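J.: Below you'll find run-v3.cif; it's mmCIF, C-alpha atoms.
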data_coords
loop_
_atom_site.label_atom_id
_atom_site.label_comp_id
_atom_site.auth_asym_id
_atom_site.auth_seq_id
_atom_site.Cartn_x
_atom_site.Cartn_y
_atom_site.Cartn_z
CA MET A 27 107.08 100.05 138.81
CA PRO A 28 109.65 97.25 138.63
CA LEU A 29 107.86 95.35 135.88
CA LEU A 30 107.87 98.43 133.73
CA ARG A 31 111.56 98.98 134.34
CA GLN A 32 112.26 95.36 133.49
CA ALA A 33 110.27 95.55 130.28
CA VAL A 34 111.78 98.85 129.25
CA ALA A 35 115.23 97.44 129.78
CA GLY A 36 114.28 94.77 127.27
CA ARG A 37 114.84 91.88 129.67
CA GLY A 38 111.27 90.67 129.99
CA CYS A 39 108.04 90.15 128.11
CA VAL A 40 105.09 92.48 128.31
CA GLY A 41 103.43 90.57 131.12
CA ALA A 42 100.30 90.00 133.19
CA GLY A 43 97.73 87.70 131.64
CA ILE A 44 94.41 89.55 131.75
CA LEU A 45 92.53 88.44 128.67
CA ALA A 46 90.68 85.14 128.36
CA ARG A 47 90.98 82.80 125.39
CA PRO A 48 87.75 82.42 123.38
CA PHE A 49 88.02 78.68 122.69
CA GLU A 50 87.40 76.02 125.32
CA ARG A 51 86.62 72.34 125.49
CA ARG A 52 83.19 71.20 126.64
CA HIS A 53 82.13 67.56 126.89
CA GLY A 54 85.30 66.54 125.07
CA THR A 55 84.85 68.75 122.02
CA LEU A 56 86.14 72.25 121.24
CA HIS A 57 83.72 75.18 121.32
CA CYS A 58 83.92 78.82 120.26
CA GLU A 59 81.85 80.62 122.89
CA GLY A 60 78.70 78.49 123.08
CA VAL A 61 78.95 76.81 119.68
CA PRO A 62 80.65 73.45 118.99
CA LEU A 63 83.13 73.69 116.13
CA GLU A 64 82.03 70.34 114.75
CA GLY A 65 78.56 71.72 114.09
CA ILE A 66 79.90 74.70 112.14
CA ALA A 67 82.20 72.48 110.06
CA GLU A 68 79.33 70.13 109.18
CA VAL A 69 77.34 73.03 107.71
CA VAL A 70 79.98 75.22 106.01
CA GLY A 71 82.64 72.60 105.29
CA THR A 72 86.39 72.99 105.61
CA PRO A 73 88.65 74.82 105.50
CA ALA A 74 86.88 77.69 107.24
CA TYR A 75 87.80 80.65 109.41
CA LEU A 76 85.75 81.43 112.48
CA TYR A 77 85.85 84.32 114.93
CA SER A 78 84.60 85.04 118.45
CA THR A 79 82.59 88.23 118.82
CA ALA A 80 83.15 88.21 122.58
CA ALA A 81 86.92 88.18 122.12
CA LEU A 82 86.80 91.16 119.76
CA ARG A 83 84.73 93.16 122.21
CA GLU A 84 86.84 92.17 125.21
CA ARG A 85 90.12 93.23 123.66
CA TYR A 86 88.77 96.54 122.42
CA ARG A 87 87.21 97.34 125.78
CA ALA A 88 90.35 96.38 127.70
CA LEU A 89 92.52 98.71 125.64
CA ASP A 90 89.94 101.49 125.77
CA ALA A 91 89.81 101.25 129.57
CA ALA A 92 93.61 101.23 129.88
CA LEU A 93 93.85 104.53 127.96
CA ALA A 94 91.03 106.25 129.84
CA GLY A 95 93.45 108.69 131.49
CA VAL A 96 93.75 110.82 128.35
CA PRO A 97 91.53 111.73 125.38
CA HIS A 98 92.16 108.95 122.88
CA ARG A 99 91.03 107.25 119.69
CA ILE A 100 91.50 103.56 118.91
CA HIS A 101 91.87 103.10 115.15
CA TYR A 102 91.76 99.39 114.35
CA SER A 103 94.26 98.43 111.63
CA LEU A 104 92.31 96.82 108.80
CA LYS A 105 95.38 95.10 107.41
CA ALA A 106 95.08 92.50 110.19
CA ASN A 107 91.58 91.47 109.09
CA SER A 108 89.25 93.60 106.97
CA SER A 109 86.13 91.41 106.99
CA ARG A 110 83.02 93.57 107.10
CA GLY A 111 81.41 91.44 109.79
CA LEU A 112 84.30 92.01 112.19
CA LEU A 113 84.53 95.70 111.31
CA GLN A 114 80.87 96.21 112.15
CA VAL A 115 81.34 94.61 115.57
CA LEU A 116 84.25 96.92 116.34
CA ARG A 117 82.52 100.02 114.96
CA ALA A 118 79.56 99.35 117.25
CA GLU A 119 82.00 99.40 120.19
CA GLY A 120 83.19 102.89 119.25
CA CYS A 121 86.32 101.79 117.42
CA ARG A 122 87.66 103.77 114.47
CA ALA A 123 89.64 102.62 111.41
CA ASP A 124 93.23 102.70 110.15
CA VAL A 125 93.67 101.84 106.46
CA VAL A 126 96.67 101.43 104.16
CA SER A 127 95.09 101.24 100.68
CA GLY A 128 92.21 102.51 98.61
CA GLY A 129 90.62 99.09 98.95
CA GLU A 130 90.76 99.23 102.74
CA LEU A 131 89.34 102.76 102.65
CA LEU A 132 86.39 101.43 100.65
CA ARG A 133 85.95 98.56 103.10
CA ALA A 134 85.97 100.90 106.09
CA LEU A 135 83.38 103.22 104.55
CA ARG A 136 81.15 100.33 103.49
CA ALA A 137 81.35 98.87 107.00
CA GLY A 138 79.82 102.13 108.25
CA PHE A 139 82.83 104.04 109.59
CA PRO A 140 82.34 107.77 109.04
CA ALA A 141 85.14 109.23 106.95
CA GLU A 142 86.21 111.42 109.86
CA HIS A 143 86.89 108.23 111.84
CA VAL A 144 89.44 106.99 109.30
CA ILE A 145 93.19 107.56 109.13
CA TYR A 146 95.18 106.46 106.09
CA GLY A 147 98.77 105.24 106.32
CA GLY A 148 101.02 103.23 104.06
CA VAL A 149 104.34 103.89 102.38
CA GLY A 150 103.17 103.63 98.75
CA LYS A 151 99.91 105.53 98.30
CA ARG A 152 98.97 106.12 94.65
CA ARG A 153 97.85 109.55 93.51
CA ASP A 154 94.29 108.32 92.91
CA GLU A 155 94.19 106.82 96.44
CA ILE A 156 95.33 110.11 97.95
CA ARG A 157 92.68 111.96 95.97
CA ALA A 158 89.96 109.54 97.08
CA ALA A 159 90.95 109.97 100.73
CA LEU A 160 90.86 113.75 100.45
CA GLU A 161 87.53 113.70 98.66
CA ALA A 162 86.06 111.44 101.33
CA GLY A 163 87.17 113.83 104.07
CA ILE A 164 89.08 111.39 106.29
CA LEU A 165 90.58 112.48 109.60
CA LEU A 166 94.27 112.18 108.69
CA LEU A 167 96.62 111.19 105.89
CA ASN A 168 99.78 109.81 107.47
CA VAL A 169 102.53 111.03 105.15
CA GLU A 170 105.65 108.85 104.92
CA SER A 171 108.07 110.79 102.71
CA ALA A 172 108.90 114.20 101.26
CA ALA A 173 107.87 112.91 97.82
CA GLU A 174 104.48 111.83 99.11
CA LEU A 175 103.98 115.18 100.82
CA ALA A 176 104.45 116.89 97.45
CA ILE A 177 101.76 114.71 95.86
CA VAL A 178 99.34 115.33 98.74
CA GLU A 179 99.94 119.06 98.39
CA GLU A 180 99.29 118.94 94.63
CA GLU A 181 96.07 116.97 95.04
CA ALA A 182 94.83 119.25 97.81
CA ARG A 183 95.52 122.30 95.64
CA ALA A 184 93.66 120.74 92.72
CA LEU A 185 90.66 120.02 94.96
CA GLY A 186 90.74 123.50 96.48
CA ARG A 187 91.08 122.32 100.06
CA ARG A 188 93.58 121.87 102.87
CA ALA A 189 94.74 118.33 103.50
CA ARG A 190 94.89 117.41 107.16
CA ILE A 191 98.04 115.32 107.60
CA ALA A 192 100.23 113.64 110.16
CA LEU A 193 103.89 112.90 109.60
CA ARG A 194 104.78 109.25 110.12
CA VAL A 195 108.24 109.44 111.61
CA ASN A 196 110.70 106.57 111.70
CA PRO A 197 111.88 106.88 115.32
CA GLU A 198 114.96 104.77 114.50
CA VAL A 199 114.82 102.76 117.72
CA HIS A 200 116.03 99.23 118.36
CA VAL A 201 113.22 96.72 117.84
CA ALA A 202 113.38 93.07 118.90
CA ASN A 203 110.45 90.95 117.75
CA ALA A 204 109.69 87.54 116.37
CA HIS A 205 110.77 88.14 112.77
CA GLU A 206 112.68 90.81 110.87
CA PHE A 207 109.77 91.27 108.44
CA ILE A 208 107.54 92.74 111.17
CA ALA A 209 110.01 95.32 112.52
CA THR A 210 109.24 98.75 111.08
CA GLY A 211 110.79 101.44 113.28
CA SER A 212 114.53 100.91 113.00
CA ARG A 213 117.01 102.86 110.88
CA GLY A 214 116.95 101.78 107.24
CA HIS A 215 113.37 100.45 107.17
CA LYS A 216 111.16 101.63 104.32
CA PHE A 217 108.48 102.94 106.69
CA GLY A 218 108.22 106.49 107.93
CA ILE A 219 110.20 109.64 107.28
CA PRO A 220 113.88 109.13 108.21
CA TRP A 221 114.57 110.92 111.47
CA GLY A 222 117.09 113.31 109.98
CA ASP A 223 114.69 114.38 107.22
CA VAL A 224 111.79 115.27 109.51
CA PRO A 225 112.66 118.97 110.10
CA ASP A 226 112.72 119.80 106.38
CA VAL A 227 109.51 117.86 105.67
CA ALA A 228 107.76 119.51 108.61
CA SER A 229 108.88 122.98 107.43
CA ARG A 230 107.33 122.39 104.03
CA ALA A 231 104.09 121.20 105.61
CA LEU A 232 103.93 124.20 107.94
CA THR A 233 104.46 126.75 105.17
CA SER A 234 102.02 125.27 102.65
CA PRO A 235 98.55 126.85 102.41
CA HIS A 236 97.22 123.49 101.24
CA LEU A 237 98.43 121.39 104.20
CA GLU A 238 97.51 121.27 107.87
CA LEU A 239 100.04 119.48 110.03
CA ALA A 240 97.74 118.03 112.67
CA GLY A 241 99.69 115.10 114.05
CA LEU A 242 102.80 112.98 114.45
CA ASP A 243 102.79 109.22 114.01
CA MET A 244 105.15 106.32 114.60
CA HIS A 245 104.95 102.54 114.34
CA VAL A 246 107.90 100.69 115.80
CA GLY A 247 106.89 97.17 114.80
CA SER A 248 104.49 94.31 115.25
CA GLN A 249 104.20 91.56 117.88
CA LEU A 250 106.48 93.43 120.27
CA THR A 251 107.76 91.37 123.20
CA SER A 252 109.21 94.31 125.13
CA LEU A 253 107.96 97.80 125.94
CA ALA A 254 111.42 99.25 125.34
CA PRO A 255 110.73 100.32 121.72
CA TYR A 256 107.60 102.16 122.85
CA GLN A 257 109.52 103.89 125.63
CA ASP A 258 112.24 105.02 123.26
CA GLY A 259 109.88 105.92 120.43
CA VAL A 260 107.49 107.91 122.60
CA ARG A 261 110.41 109.84 124.08
CA ARG A 262 111.73 110.78 120.65
CA LEU A 263 108.31 111.64 119.24
CA THR A 264 107.56 113.77 122.32
CA GLU A 265 110.75 115.77 121.80
CA LEU A 266 109.82 116.30 118.16
CA ALA A 267 106.28 117.38 119.04
CA ARG A 268 107.55 119.96 121.52
CA ALA A 269 109.96 121.38 118.95
CA LEU A 270 107.29 121.66 116.26
CA MET A 271 104.72 123.15 118.60
CA ALA A 272 107.29 125.76 119.59
CA ARG A 273 107.44 126.68 115.90
CA GLY A 274 103.68 127.09 115.79
CA ALA A 275 102.66 123.67 114.47
CA PRO A 276 98.92 123.19 115.17
CA LEU A 277 99.34 119.62 116.37
CA GLN A 278 96.26 117.84 117.69
CA PHE A 279 97.20 114.15 117.61
CA PHE A 280 100.00 111.96 118.93
CA ASP A 281 99.81 108.58 117.17
CA ALA A 282 101.73 105.83 119.00
CA GLY A 283 100.92 103.24 116.32
CA GLY A 284 100.29 99.57 116.98
CA GLY A 285 102.42 96.57 117.87
CA LEU A 286 100.75 95.11 120.96
CA PRO A 287 101.24 91.34 120.72
CA ALA A 288 98.87 88.40 120.52
CA ARG A 289 99.44 85.05 122.21
CA TYR A 290 100.29 82.20 119.84
CA ASP A 291 101.27 79.64 122.48
CA ALA A 292 101.94 80.06 126.19
CA GLU A 293 102.90 83.75 126.14
CA GLU A 294 101.44 86.10 128.71
CA ALA A 295 98.88 88.63 127.59
CA PRO A 296 100.26 92.14 127.03
CA ASP A 297 100.14 94.28 130.16
CA LEU A 298 97.99 97.17 129.05
CA ALA A 299 98.54 99.10 132.27
CA LEU A 300 102.28 99.19 131.63
CA PHE A 301 101.70 100.22 128.03
CA ALA A 302 99.39 103.02 129.16
CA GLY A 303 102.00 104.03 131.74
CA ILE A 304 104.31 104.94 128.85
CA VAL A 305 101.99 106.62 126.35
CA VAL A 306 99.36 108.31 128.53
CA PRO A 307 101.61 110.61 130.65
CA ALA A 308 103.56 111.72 127.59
CA VAL A 309 100.46 112.65 125.62
CA ARG A 310 98.82 114.32 128.64
CA ALA A 311 101.89 116.51 129.13
CA LEU A 312 101.72 117.61 125.50
CA GLY A 313 98.00 118.39 125.68
CA LEU A 314 97.31 116.30 122.57
CA GLU A 315 94.86 113.52 121.76
CA LEU A 316 96.28 110.00 121.68
CA ILE A 317 95.78 107.69 118.70
CA VAL A 318 96.68 104.00 118.78
CA GLU A 319 96.43 101.57 115.87
CA PRO A 320 96.03 98.00 117.17
CA GLY A 321 95.41 95.20 114.71
CA ARG A 322 96.72 91.79 115.65
CA PHE A 323 96.07 92.46 119.36
CA VAL A 324 92.35 92.94 118.71
CA VAL A 325 91.60 90.13 116.27
CA ALA A 326 94.29 87.44 116.27
CA GLU A 327 93.15 85.37 119.24
CA SER A 328 89.49 85.74 118.28
CA GLY A 329 89.99 83.46 115.29
CA ALA A 330 90.76 79.88 114.38
CA LEU A 331 91.17 78.07 111.09
CA LEU A 332 89.23 74.80 110.85
CA THR A 333 90.73 72.12 108.64
CA ARG A 334 89.99 68.46 107.99
CA VAL A 335 92.70 65.77 107.92
CA LEU A 336 92.79 64.10 104.51
CA TYR A 337 95.66 61.61 104.85
CA ARG A 338 98.46 60.34 107.11
CA LYS A 339 101.62 59.72 105.09
CA PRO A 340 104.97 58.46 106.43
CA SER A 341 107.91 59.45 104.24
CA GLY A 342 111.65 59.40 104.93
CA GLY A 343 111.26 59.36 108.68
CA THR A 344 108.65 62.12 108.75
CA ASP A 345 105.00 61.50 109.56
CA PHE A 346 102.85 63.90 107.54
CA VAL A 347 99.34 64.94 108.52
CA ILE A 348 97.93 66.19 105.22
CA CYS A 349 95.00 68.60 105.62
CA ASP A 350 92.65 70.49 103.33
CA ALA A 351 94.14 73.82 104.53
CA GLY A 352 97.70 74.98 104.08
CA MET A 353 99.75 78.02 103.14
CA SER A 354 96.91 79.28 100.94
CA GLU A 355 94.74 79.69 104.04
CA LEU A 356 97.45 80.60 106.56
CA LEU A 357 100.66 81.95 105.07
CA ARG A 358 102.34 82.93 108.35
CA PRO A 359 104.05 79.59 109.15
CA SER A 360 105.65 79.45 105.71
CA HIS A 361 106.37 83.17 105.32
CA TYR A 362 107.40 84.09 108.88
CA ASP A 363 108.27 80.68 110.32
CA ALA A 364 105.42 81.47 112.72
CA TYR A 365 104.05 79.17 115.39
CA HIS A 366 100.31 78.49 115.59
CA ARG A 367 98.93 76.12 118.20
CA ILE A 368 97.02 73.22 116.61
CA GLU A 369 94.69 70.82 118.36
CA ALA A 370 92.09 68.25 117.41
CA VAL A 371 88.54 69.42 117.91
CA ARG A 372 87.79 65.98 119.39
CA PRO A 373 91.09 64.37 120.48
CA ARG A 374 91.61 60.61 120.33
CA GLY A 375 93.69 60.58 123.51
CA ASP A 376 97.11 59.88 121.98
CA THR A 377 99.83 62.17 120.65
CA SER A 378 102.40 61.88 117.88
CA THR A 379 105.16 64.02 116.36
CA VAL A 380 104.17 65.12 112.87
CA ASP A 381 104.45 67.70 110.14
CA VAL A 382 101.06 69.30 109.48
CA VAL A 383 100.93 70.19 105.79
CA GLY A 384 98.42 71.25 103.19
CA PRO A 385 97.51 70.25 99.64
CA ILE A 386 99.51 72.96 97.83
CA CYS A 387 102.21 71.87 95.39
CA GLU A 388 105.03 73.54 97.35
CA THR A 389 107.45 72.08 99.87
CA GLY A 390 106.93 75.28 101.83
CA ASP A 391 103.25 74.44 102.28
CA PHE A 392 103.03 73.63 105.99
CA LEU A 393 101.21 74.70 109.12
CA ALA A 394 103.60 73.04 111.60
CA ARG A 395 106.83 71.06 111.51
CA ASP A 396 108.09 68.45 113.94
CA ARG A 397 105.10 69.16 116.19
CA GLN A 398 104.02 66.92 119.04
CA MET A 399 100.25 67.15 119.06
CA ASP A 400 97.02 65.17 119.04
CA ASP A 401 97.34 61.98 117.02
CA ALA A 402 94.97 63.14 114.28
CA GLN A 403 93.73 60.63 111.73
CA PRO A 404 91.97 61.04 108.36
CA GLY A 405 88.57 62.65 108.84
CA ASP A 406 89.50 64.39 112.10
CA LEU A 407 88.84 68.10 112.47
CA LEU A 408 91.71 70.37 113.57
CA ALA A 409 91.65 73.92 114.91
CA VAL A 410 94.62 76.14 114.07
CA HIS A 411 94.52 78.89 116.68
CA THR A 412 95.29 82.62 116.64
CA ALA A 413 94.29 82.85 112.99
CA GLY A 414 92.09 85.93 113.32
CA ALA A 415 94.89 88.20 112.09
CA TYR A 416 96.74 87.76 108.79
CA GLY A 417 94.74 84.67 107.87
CA TYR A 418 91.98 85.45 105.41
CA VAL A 419 93.51 88.80 104.40
CA MET A 420 96.67 87.02 103.19
CA ALA A 421 94.81 84.04 101.70
CA LEU A 422 95.88 82.86 98.25
CA THR A 423 94.08 81.27 95.34
CA TYR A 424 97.31 79.55 94.32
CA ASN A 425 96.72 76.21 92.58
CA SER A 426 93.29 77.70 91.72
CA ARG A 427 91.85 76.87 95.12
CA PRO A 428 88.85 78.99 96.18
CA ARG A 429 89.18 80.97 99.40
CA ALA A 430 87.48 79.61 102.50
CA PRO A 431 84.42 81.17 104.18
CA GLU A 432 84.47 83.30 107.31
CA VAL A 433 82.10 82.62 110.20
CA LEU A 434 81.29 84.90 113.14
CA VAL A 435 80.18 83.41 116.47
CA ASP A 436 78.16 85.39 119.00
CA GLY A 437 77.20 83.45 122.10
CA THR A 438 75.18 80.43 120.97
CA ARG A 439 74.59 81.70 117.43
CA TRP A 440 76.77 81.99 114.38
CA ALA A 441 76.63 83.40 110.85
CA VAL A 442 78.60 83.19 107.62
CA ILE A 443 79.99 86.68 107.04
CA THR A 444 82.03 85.82 103.92
CA ARG A 445 80.86 82.99 101.69
CA ARG A 446 83.17 80.36 100.29
CA GLU A 447 84.46 81.25 96.84
CA SER A 448 83.30 79.07 93.99
CA LEU A 449 85.30 77.83 91.03
CA ASP A 450 83.34 80.28 88.89
CA ASP A 451 84.50 83.11 91.17
CA LEU A 452 88.09 82.20 90.35
CA VAL A 453 87.62 82.86 86.62
CA ARG A 454 84.97 85.59 86.80
CA LEU A 455 87.34 88.42 85.77
CA GLU A 456 89.04 86.57 82.92
CA ALA A 457 88.19 87.54 79.35
CA GLU A 458 86.46 84.71 77.51
CA THR A 459 87.54 86.18 74.19
CA VAL A 460 90.78 88.09 73.71
CA GLU A 461 90.12 91.53 72.22
CA TRP A 462 93.34 92.90 70.79
CA VAL A 463 94.15 96.61 70.78
CA GLU A 464 96.60 98.02 68.29
CA GLY A 465 99.21 100.06 70.02
#
The structure given in the file should be rewritten as structure tokens.
T.:
Amino acid sequence: MPLLRQAVAGRGCVGAGILARPFERRHGTLHCEGVPLEGIAEVVGTPAYLYSTAALRERYRALDAALAGVPHRIHYSLKANSSRGLLQVLRAEGCRADVVSGGELLRALRAGFPAEHVIYGGVGKRRDEIRAALEAGILLLNVESAAELAIVEEEARALGRRARIALRVNPEVHVANAHEFIATGSRGHKFGIPWGDVPDVASRALTSPHLELAGLDMHVGSQLTSLAPYQDGVRRLTELARALMARGAPLQFFDAGGGLPARYDAEEAPDLALFAGIVVPAVRALGLELIVEPGRFVVAESGALLTRVLYRKPSGGTDFVICDAGMSELLRPSHYDAYHRIEAVRPRGDTSTVDVVGPICETGDFLARDRQMDDAQPGDLLAVHTAGAYGYVMALTYNSRPRAPEVLVDGTRWAVITRRESLDDLVRLEAETVEWVEG
């Protein structure tokens, strides 16, 4: 498998384009599936997020098929996008849930996921969140430190039950991805139990009457451009699993985490067959059930952010396209220096080099810099692509701007699945009268 060897050596991308893009141009105007974006914008206004149901289903089914060679569970990572409408689409496909907070646990349960289809990760779980997860009866708590293990044990004892846990291990492998903030599996990262600490933490879990060590978990990073970290991480986690099983650990699950990339520009789609060629044989040899935790891969390309051009403003040699969406709707360009493809829903036929910026009172409020793109003019509608992941979930109300609505498209029909916030929503939790407490 020369492509696999090339990817594992870190010299190439995870290749082979197999997944279609959900947005296409018909009769000169951009559509999502069978619905023109202009029609949605006229009804719900801008800015607005919209998502393709077909894209969600396609990506889930493609990954499910790739992993068919071994018993497996796909636990979608809610941190990428936790909108109930999207969660219900994925749940209907047979997908399960991966959460990292008490709020995401609530969202998963309210979207209809059975508790036994939920795993709970995250490096900073509060005691009340741990208790809620145990009371709900979720499948696994992914423990990330010796200190957390002690809290889980205490809460399980207080509830009179055994907590089913997995150990999230930091495999301490080299990770090369688009930005240092989305690498999680290298030495010195805050995530996972440091490799050298795992034996002692595992021993405590195995000897406690209140804990059941049911799995091992890793997550090497996000938006991975090479399969090498998976290859190295799976090898190390396999060695650890064999050692623990030899000591009598009742392991059931091997969790390879997430990290499969989305396409933001002209990248190739991830080659799921090559990915499966790494994880499936290893898990089959161990006799365990595979868990994967995709997030961005499933939802990113399903979504776009619609925004209306307000002004064109030349200043100091820069031509600004000022829109009604900015860092408050899509933080990734400002926070990660991330690239998102932008195009006019109905192009005028010319191009120009511009900075696409928003209305926020920050110099860092931009969607693109020095970008050659459609020559958009005031009133034009733009689509910012690959906004299905880390768009709405990271949205801000900075400058007291209400959050935009979310719209789900299914064939030739569409529905608002999250309404636009109102100005009243922004102040709903504020006390009208200050009630002082002596203390």
J.: I would like the residues chosen by the PyMOL selection byres ((chain A and resi 193) around 10) on the shown file; could you give them as a PyMOL selection string?
T.: chain A and resi 147+166-172+175+191-192+194-196+218-219+224+227-228+231+239-244+281
J.: For Ala330 (chain A), please output as an MDAnalysis selection string all residues within 8 Å (counting all atoms listed in the file; exclusion window: fewer than 4 positions along the same chain).
T.: chainID A and resid 75:77 409:414
J.: Can you write just those residues out, C-alpha atoms, as a PDB file, in the frame of the given file?
T.:
ATOM      1  CA  TYR A  75      87.800  80.650 109.410  1.00  0.00           C
ATOM      2  CA  LEU A  76      85.750  81.430 112.480  1.00  0.00           C
ATOM      3  CA  TYR A  77      85.850  84.320 114.930  1.00  0.00           C
ATOM      4  CA  ALA A 409      91.650  73.920 114.910  1.00  0.00           C
ATOM      5  CA  VAL A 410      94.620  76.140 114.070  1.00  0.00           C
ATOM      6  CA  HIS A 411      94.520  78.890 116.680  1.00  0.00           C
ATOM      7  CA  THR A 412      95.290  82.620 116.640  1.00  0.00           C
ATOM      8  CA  ALA A 413      94.290  82.850 112.990  1.00  0.00           C
ATOM      9  CA  GLY A 414      92.090  85.930 113.320  1.00  0.00           C
TER      10      GLY A 414
END
J.: For the file shown, what are the residues hit by the PyMOL selection byres ((chain A and resi 127) around 12), laid out as a ChimeraX atom specification?
T.: /A:103-105,108,124-126,128-134,144-159,167-168
J.: If we count only C-alpha atoms, what is near Arg439 (chain A) at a cut-off of 10 Å, once residues fewer than 6 positions away on the same chain are taken out, given as a VMD selection string?
T.: chain A and resid 59 to 61
J.: Which residues fall under the PyMOL selection byres ((chain A and resi 382) around 9) in this file, as a CSV table (one decimal) with C-alpha atoms, in the frame of the given file?
T.:
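Dumped everything to out.csv:
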chain,number,residue,atom,x,y,z
A,345,ASP,CA,105.0,61.5,109.6
A,346,PHE,CA,102.8,63.9,107.5
A,347,VAL,CA,99.3,64.9,108.5
A,348,ILE,CA,97.9,66.2,105.2
A,349,CYS,CA,95.0,68.6,105.6
A,352,GLY,CA,97.7,75.0,104.1
A,380,VAL,CA,104.2,65.1,112.9
A,381,ASP,CA,104.4,67.7,110.1
A,383,VAL,CA,100.9,70.2,105.8
A,384,GLY,CA,98.4,71.2,103.2
A,392,PHE,CA,103.0,73.6,106.0
A,393,LEU,CA,101.2,74.7,109.1
A,394,ALA,CA,103.6,73.0,111.6
A,395,ARG,CA,106.8,71.1,111.5
A,396,ASP,CA,108.1,68.4,113.9
A,397,ARG,CA,105.1,69.2,116.2
J.: Could you please determine the separation between CA of Arg310 (chain A) and CA of Pro255 (chain A) in Å, to one decimal place?
T.: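 These two atoms are separated by 19.6 Å.
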J.: With only C-alpha atoms as the basis for distance, which of A:Val463, A:Gly71, A:His98, A:Ile164 is at the shortest distance from Val442 (chain A)?
T.: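 Smallest separation from Val442 (chain A) among the options: A:Gly71.
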J.: Leaving out Asp406 (chain A) and any residue of its chain fewer than 6 positions from it, which residues lie within 12 Å of it when counting all atoms listed in the file, given as a short mmCIF file (atom, residue, chain, number, x, y, z; two decimals) with C-alpha atoms, keeping the file's coordinate frame?
T.:
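This went into selection15.cif:
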data_model
loop_
_atom_site.label_atom_id
_atom_site.label_comp_id
_atom_site.auth_asym_id
_atom_site.auth_seq_id
_atom_site.Cartn_x
_atom_site.Cartn_y
_atom_site.Cartn_z
CA THR A 55 84.85 68.75 122.02
CA LEU A 63 83.13 73.69 116.13
CA GLU A 64 82.03 70.34 114.75
CA ALA A 67 82.20 72.48 110.06
CA THR A 72 86.39 72.99 105.61
CA LEU A 332 89.23 74.80 110.85
CA THR A 333 90.73 72.12 108.64
CA ARG A 334 89.99 68.46 107.99
CA VAL A 335 92.70 65.77 107.92
CA LEU A 336 92.79 64.10 104.51
CA TYR A 337 95.66 61.61 104.85
CA ARG A 338 98.46 60.34 107.11
CA VAL A 347 99.34 64.94 108.52
CA ILE A 348 97.93 66.19 105.22
CA CYS A 349 95.00 68.60 105.62
CA ASP A 350 92.65 70.49 103.33
CA GLU A 369 94.69 70.82 118.36
CA ALA A 370 92.09 68.25 117.41
CA VAL A 371 88.54 69.42 117.91
CA ARG A 372 87.79 65.98 119.39
CA PRO A 373 91.09 64.37 120.48
CA ARG A 374 91.61 60.61 120.33
CA ASP A 400 97.02 65.17 119.04
#
J.: Taking 3 positions as the minimum chain separation for residues in the same chain, which residues sit within 10 Å of Arg99 (chain A) when counting only C-alpha atoms? Answer as a list in words.
T.: Asp90, Leu93, Val96, Tyr102, Gly120, Cys121, Arg122, Ala123, His143, Phe279, Asp281, Glu315, Leu316, Ile317, Val318 and Glu319 of chain A
J.: CA of Val178 (chain A) and CA of His101 (chain A) are how many Å apart?
T.: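 Between CA of Val178 (chain A) and CA of His101 (chain A) the gap is 21.8 Å.
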J.: For Gly138 (chain A), list every protein, DNA or RNA residue within 9 Å, evaluated using all atoms listed in the file, and leave out those in the same chain fewer than 5 positions away; present the list as a count of residues only.
T.: 4
J.: Using all atoms listed in the file, can you tell me which of A:Ser229, A:Ser426, A:Gln257, A:Ser78 comes closest to Asp450 (chain A)?
T.: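 Residue with the minimum atom-to-atom distance to Asp450 (chain A): A:Ser426.
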J.: Measure the distance from CA of Leu312 (chain A) to CA of Gly283 (chain A) in Å and round it to one decimal.
T.: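 Separating CA of Leu312 (chain A) from CA of Gly283 (chain A) is a distance of 17.1 Å.
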J.: Identify the residues around (96.2, 124.7, 105.9) within a radius of 12 Å, measuring from all atoms listed in the file in the coordinates stated by the file, and give them as number ranges by chain.
T.: A: 179, 182-183, 186-191, 230-240, 275-276
J.: For region 215-221 of chain A, which lacks atoms in the input, supply N, CA and C atoms and format the output as a PDB file, in the coordinates of the input.
T.:
ATOM      1  N   HIS A 215     114.631 101.034 107.609  1.00  0.00           N
ATOM      2  CA  HIS A 215     113.370 100.450 107.170  1.00  0.00           C
ATOM      3  C   HIS A 215     112.672 101.386 106.192  1.00  0.00           C
ATOM      4  N   LYS A 216     111.817 100.816 105.351  1.00  0.00           N
ATOM      5  CA  LYS A 216     111.160 101.630 104.320  1.00  0.00           C
ATOM      6  C   LYS A 216     110.055 102.518 104.897  1.00  0.00           C
ATOM      7  N   PHE A 217     109.636 102.253 106.137  1.00  0.00           N
ATOM      8  CA  PHE A 217     108.480 102.940 106.690  1.00  0.00           C
ATOM      9  C   PHE A 217     108.877 104.246 107.372  1.00  0.00           C
ATOM     10  N   GLY A 218     108.037 105.248 107.213  1.00  0.00           N
ATOM     11  CA  GLY A 218     108.220 106.490 107.930  1.00  0.00           C
ATOM     12  C   GLY A 218     109.275 107.396 107.331  1.00  0.00           C
ATOM     13  N   ILE A 219     109.224 108.661 107.724  1.00  0.00           N
ATOM     14  CA  ILE A 219     110.200 109.640 107.280  1.00  0.00           C
ATOM     15  C   ILE A 219     111.479 109.455 108.102  1.00  0.00           C
ATOM     16  N   PRO A 220     112.628 109.272 107.452  1.00  0.00           N
ATOM     17  CA  PRO A 220     113.880 109.130 108.210  1.00  0.00           C
ATOM     18  C   PRO A 220     114.055 110.274 109.200  1.00  0.00           C
ATOM     19  N   TRP A 221     114.518 109.948 110.375  1.00  0.00           N
ATOM     20  CA  TRP A 221     114.570 110.920 111.470  1.00  0.00           C
ATOM     21  C   TRP A 221     115.266 112.216 111.055  1.00  0.00           C
TER      22      TRP A 221
END
